[in-house]
$ cat start-v9.tsv   # TSV, C-alpha atoms
chain	number	residue	atom	x	y	z
A	243	MET	CA	-19.05	12.16	4.01
A	244	TYR	CA	-16.45	10.99	6.57
A	245	THR	CA	-15.61	13.34	9.40
A	246	TYR	CA	-12.81	13.05	11.96
A	247	SER	CA	-13.32	14.83	15.29
A	248	PHE	CA	-10.58	16.66	17.16
A	249	PRO	CA	-11.17	18.09	20.63
A	250	GLY	CA	-13.47	21.06	20.11
A	251	LYS	CA	-13.67	20.78	16.30
A	252	SER	CA	-14.41	18.41	13.44
A	253	ILE	CA	-12.70	18.23	10.06
A	254	SER	CA	-14.20	16.77	6.91
A	255	LEU	CA	-12.02	14.12	5.30
A	256	LEU	CA	-13.29	15.39	1.97
A	257	ALA	CA	-11.69	18.75	2.75
A	258	LEU	CA	-8.43	16.97	3.62
A	259	PHE	CA	-8.47	14.77	0.53
A	260	PRO	CA	-6.24	16.95	-1.70
A	261	PHE	CA	-3.60	17.13	1.05
A	262	LEU	CA	-3.80	13.39	1.79
A	263	PHE	CA	-3.57	12.60	-1.92
A	264	TYR	CA	-0.43	14.74	-2.23
A	265	LEU	CA	1.21	12.93	0.67
A	266	THR	CA	0.33	9.57	-0.85
A	267	ALA	CA	1.34	10.48	-4.40
A	268	ASN	CA	4.68	12.10	-3.58
A	269	SER	CA	7.20	11.45	-0.84
A	270	GLN	CA	10.51	13.06	0.02
A	271	VAL	CA	13.34	10.54	0.36
A	272	ARG	CA	16.95	11.18	1.38
A	273	TYR	CA	19.68	9.43	-0.59
A	274	ILE	CA	23.42	9.06	0.00
A	275	SER	CA	26.21	7.86	-2.28
A	276	THR	CA	27.30	4.22	-2.32
A	277	THR	CA	29.63	4.16	-5.32
A	278	ALA	CA	31.06	7.17	-7.10
A	279	ASN	CA	33.46	8.18	-9.80
A	280	LEU	CA	34.57	11.78	-10.25
A	281	THR	CA	37.00	12.60	-13.06
A	282	ILE	CA	38.88	15.76	-13.98
A	283	ASN	CA	40.12	15.92	-17.57
A	284	GLY	CA	42.57	18.53	-18.80
A	285	THR	CA	45.16	19.32	-21.43
A	286	SER	CA	48.85	20.15	-21.45
A	287	THR	CA	51.54	21.08	-23.96
A	288	LEU	CA	52.58	17.39	-23.96
A	289	HIS	CA	49.36	15.38	-23.76
A	290	ASP	CA	45.90	15.28	-22.21
A	291	TRP	CA	45.66	14.18	-18.59
A	292	THR	CA	43.07	12.67	-16.23
A	293	MET	CA	42.66	12.55	-12.46
A	294	THR	CA	40.01	10.38	-10.81
A	295	SER	CA	38.49	10.09	-7.33
A	296	ILE	CA	36.22	7.34	-6.04
A	297	LYS	CA	35.95	8.94	-2.59
A	298	VAL	CA	32.94	11.14	-3.27
A	299	GLN	CA	30.28	11.88	-0.68
A	300	CYS	CA	26.85	12.91	-1.94
A	301	ASP	CA	23.70	13.71	0.01
A	302	ALA	CA	20.42	14.46	-1.78
A	303	THR	CA	16.70	14.61	-1.09
A	304	PHE	CA	14.34	13.70	-3.93
A	305	GLU	CA	10.58	13.91	-4.22
A	306	LEU	CA	9.30	10.71	-5.79
A	307	THR	CA	6.03	9.29	-7.06
A	308	PRO	CA	5.00	5.78	-5.90
A	309	THR	CA	6.43	4.42	-9.18
A	310	GLY	CA	9.84	5.97	-8.48
A	311	GLN	CA	9.61	8.92	-10.88
A	312	ILE	CA	11.54	11.96	-9.64
A	313	THR	CA	9.30	15.04	-9.50
A	314	ALA	CA	11.62	17.38	-7.59
A	315	VAL	CA	15.07	17.64	-6.06
A	316	ARG	CA	14.85	19.34	-2.67
A	317	SER	CA	18.57	19.38	-1.83
A	318	ILE	CA	21.86	18.06	-3.16
A	319	SER	CA	25.50	18.41	-2.18
A	320	PHE	CA	28.72	16.53	-2.85
A	321	SER	CA	32.39	16.70	-1.90
A	322	THR	CA	35.66	14.87	-2.48
A	323	PRO	CA	39.06	15.17	-0.79
A	324	VAL	CA	41.59	16.85	-3.06
A	325	ASN	CA	44.19	14.21	-2.18
A	326	ALA	CA	41.81	11.47	-3.35
A	327	LEU	CA	42.30	12.64	-6.94
A	328	LYS	CA	44.83	10.36	-8.61
A	329	SER	CA	46.47	10.22	-12.03
A	330	GLU	CA	48.99	7.75	-13.42
A	331	HIS	CA	51.88	9.92	-12.23
A	332	SER	CA	52.55	10.75	-8.57
A	333	ALA	CA	54.66	13.79	-9.50
A	334	MET	CA	51.71	15.24	-11.38
A	335	ASP	CA	49.44	14.50	-8.43
A	336	ASN	CA	51.68	16.40	-6.02
A	337	ASN	CA	51.87	19.44	-8.31
A	338	ALA	CA	48.09	19.36	-8.73
A	339	TYR	CA	47.58	19.22	-4.95
A	340	LYS	CA	49.78	22.29	-4.56
A	341	ALA	CA	47.87	24.16	-7.28
A	342	LEU	CA	44.58	23.21	-5.60
A	343	LYS	CA	45.93	24.40	-2.22
A	344	SER	CA	45.03	21.12	-0.55
A	345	ASP	CA	47.01	22.02	2.59
A	346	LYS	CA	44.66	24.95	3.27
A	347	ASP	CA	41.43	23.70	1.72
A	348	PRO	CA	41.46	19.88	1.48
A	349	GLN	CA	37.97	19.46	-0.02
A	350	ILE	CA	36.31	20.20	-3.35
A	351	GLY	CA	32.61	20.72	-2.66
A	352	PHE	CA	29.32	21.76	-4.20
A	353	THR	CA	26.03	22.73	-2.55
A	354	ALA	CA	22.86	23.41	-4.54
A	355	THR	CA	20.86	26.59	-4.06
A	356	SER	CA	18.16	25.91	-6.67
A	357	VAL	CA	17.15	23.06	-8.96
A	358	THR	CA	14.99	22.78	-12.05
A	359	ILE	CA	13.89	19.41	-13.39
A	360	ALA	CA	12.51	18.16	-16.70
A	361	PRO	CA	11.53	14.71	-17.98
A	362	ALA	CA	14.16	12.73	-19.90
A	363	PRO	CA	13.96	9.44	-21.84
A	364	ALA	CA	13.57	6.06	-20.13
A	365	GLY	CA	12.02	7.49	-16.97
A	366	ALA	CA	15.04	9.65	-16.16
A	367	SER	CA	15.05	13.33	-15.23
A	368	GLN	CA	17.19	16.13	-16.65
A	369	VAL	CA	18.30	18.24	-13.71
A	370	THR	CA	19.83	21.72	-13.83
A	371	VAL	CA	21.46	22.50	-10.49
A	372	THR	CA	22.57	26.00	-9.57
A	373	GLY	CA	24.76	26.34	-6.51
A	374	LYS	CA	28.09	27.13	-4.91
A	375	LEU	CA	31.23	25.32	-6.08
A	376	ASN	CA	34.27	25.47	-3.80
A	377	ILE	CA	37.72	24.72	-5.21
A	378	ALA	CA	41.08	25.73	-3.72
A	379	GLY	CA	39.42	27.93	-1.11
A	380	ALA	CA	37.44	29.96	-3.66
A	381	THR	CA	33.66	29.70	-3.89
A	382	ARG	CA	31.93	30.58	-7.14
A	383	ASP	CA	28.43	30.29	-8.56
A	384	ALA	CA	28.12	27.27	-10.85
A	385	GLN	CA	25.44	25.56	-12.89
A	386	ILE	CA	25.72	21.81	-13.35
A	387	LEU	CA	23.65	19.66	-15.71
A	388	ALA	CA	22.94	16.11	-14.60
A	389	VAL	CA	20.76	13.16	-15.49
A	390	CYS	CA	19.06	11.32	-12.62
A	391	GLN	CA	18.02	7.77	-13.48
A	392	PRO	CA	15.88	5.84	-10.95
A	393	ASN	CA	16.72	2.12	-10.79
A	394	LEU	CA	13.52	0.39	-9.70
A	395	SER	CA	15.21	-3.00	-9.30
A	396	ASP	CA	17.18	-1.89	-6.23
A	397	ASN	CA	15.65	1.53	-5.38
A	398	THR	CA	18.87	3.38	-6.23
A	399	ILE	CA	19.34	6.49	-8.35
A	400	THR	CA	22.22	6.99	-10.78
A	401	VAL	CA	23.33	10.61	-11.16
A	402	SER	CA	25.70	11.56	-13.97
A	403	GLY	CA	26.86	14.78	-15.58
A	404	LYS	CA	29.76	17.10	-16.27
A	405	GLU	CA	30.80	20.74	-16.03
A	406	ASN	CA	33.48	22.78	-17.80
A	407	ILE	CA	35.59	24.85	-15.39
A	408	SER	CA	38.17	27.60	-15.81
A	409	MET	CA	40.94	27.24	-13.23
A	410	LYS	CA	41.56	30.99	-13.30
A	411	ASP	CA	37.97	31.59	-12.14
A	412	PHE	CA	39.05	29.96	-8.87
A	413	SER	CA	42.40	31.78	-8.73
A	414	ILE	CA	44.22	28.54	-9.55
A	415	VAL	CA	47.51	28.81	-11.38
A	416	PRO	CA	47.56	25.91	-13.87
A	417	PRO	CA	50.31	23.55	-12.68
A	418	THR	CA	53.50	22.97	-14.65
A	419	PHE	CA	55.84	19.98	-14.80
A	420	MET	CA	59.44	19.19	-15.76
A	421	LEU	CA	60.77	22.53	-14.49
A	422	GLY	CA	58.06	24.43	-16.32
A	423	THR	CA	58.65	22.86	-19.73
A	424	ILE	CA	55.23	21.18	-19.64
A	425	LYS	CA	52.27	23.47	-18.98
A	426	THR	CA	48.67	22.49	-18.35
A	427	GLY	CA	45.76	24.25	-20.01
A	428	ASN	CA	43.46	26.54	-18.05
A	429	ASP	CA	40.21	24.77	-18.89
A	430	ILE	CA	39.23	21.46	-17.30
A	431	THR	CA	36.14	19.24	-17.40
A	432	LEU	CA	34.69	17.76	-14.23
A	433	SER	CA	32.65	14.60	-14.88
A	434	PHE	CA	30.82	12.46	-12.34
A	435	LYS	CA	28.73	9.32	-12.02
A	436	LEU	CA	27.22	8.46	-8.66
A	437	THR	CA	24.98	5.67	-7.42
A	438	LEU	CA	22.75	6.80	-4.56
A	439	LYS	CA	20.81	4.62	-2.12
A	440	ARG	CA	18.09	5.45	0.37
A	441	ALA	CA	19.61	6.73	3.62
$ encode --input "start-v9.tsv" --output "structure tokens"
Amino acid sequence: MYTYSFPGKSISLLALFPFLFYLTANSQVRYISTTANLTINGTSTLHDWTMTSIKVQCDATFELTPTGQITAVRSISFSTPVNALKSEHSAMDNNAYKALKSDKDPQIGFTATSVTIAPAPAGASQVTVTGKLNIAGATRDAQILAVCQPNLSDNTITVSGKENISMKDFSIVPPTFMLGTIKTGNDITLSFKLTLKRA
């Protein structure tokens, strides 16, 4: 039995083995976004519409096995500037920025408060993230489903998912266009795909 001596005491390495094994088997690693795509899809009385942002910041801490399998998500947050959302029509963009109150609250953001994780095919993990979603100055509880896929070739993690959102839940008046003749629907879908690298 191996024993390591500290001043005034000795500790058996056998007693420390479970703790040392845990440290070796699992490590917490911080990741940040490198490439990102966040899309908002909605409807209107004329046609469906899409706004996309590639300026997404994400910061997450994963617990990983030596083979790269995700065993836990310790923290995750992301944000995007409202004015980074773009459609094919600048007039629509400006009306959307007004509806999202970008002059008073220029960021859309999410911060996790709890996370549950389950295995998924091909070494991925199905993650259910509960947290606080801030849009247009209003913060609401939200639950987002995502798939986290480790990429062993370059030590990155791809995170993808989507969430259905009611604009009225955030006190957003759905924007209108063409002097009110075109009205957008209340419900939108927020979709995202992020590539994260080790910080």
$ atom_distance --input "start-v9.tsv" --atom1 "CA of Ser317 in chain A" --atom2 "CA of Lys439 in chain A"
14.9 Å
$ atom_distance --input "start-v9.tsv" --atom1 "CA of Ser344 in chain A" --atom2 "CA of Thr400 in chain A"
28.7 Å
$ closest_residue --input "start-v9.tsv" --among "A:Lys404, A:Arg316, A:Lys374, A:His331" --to "Val271 in chain A" --atoms "only C-alpha atoms"
A:Arg316
$ residues_around --input "start-v9.tsv" --residues "Ala378 in chain A" --least-positions-apart "4" --cutoff "6 Å" --atoms "all atoms listed in the file" --output "ChimeraX atom specification"
/A:342-343,347
$ closest_atom_pairs --input "start-v9.tsv" --of "range 259-373 of chain A" --to "range 408-432 of chain A" --cutoff "7 Å" --atoms "all atoms listed in the file" --output "CSV"
residue,atom,partner,partner_atom,distance
A:Thr281,CA,A:Leu432,CA,5.8
A:Ile282,CA,A:Leu432,CA,4.6
A:Asn283,CA,A:Thr431,CA,5.2
A:Gly284,CA,A:Ile430,CA,4.7
A:Thr285,CA,A:Gly427,CA,5.2
A:Ser286,CA,A:Thr426,CA,3.9
A:Thr287,CA,A:Lys425,CA,5.6
A:Leu288,CA,A:Ile424,CA,6.3
A:Asn337,CA,A:Pro417,CA,6.2
A:Ala338,CA,A:Pro417,CA,6.2
A:Ala341,CA,A:Pro417,CA,6.0
A:Leu342,CA,A:Ile414,CA,6.6
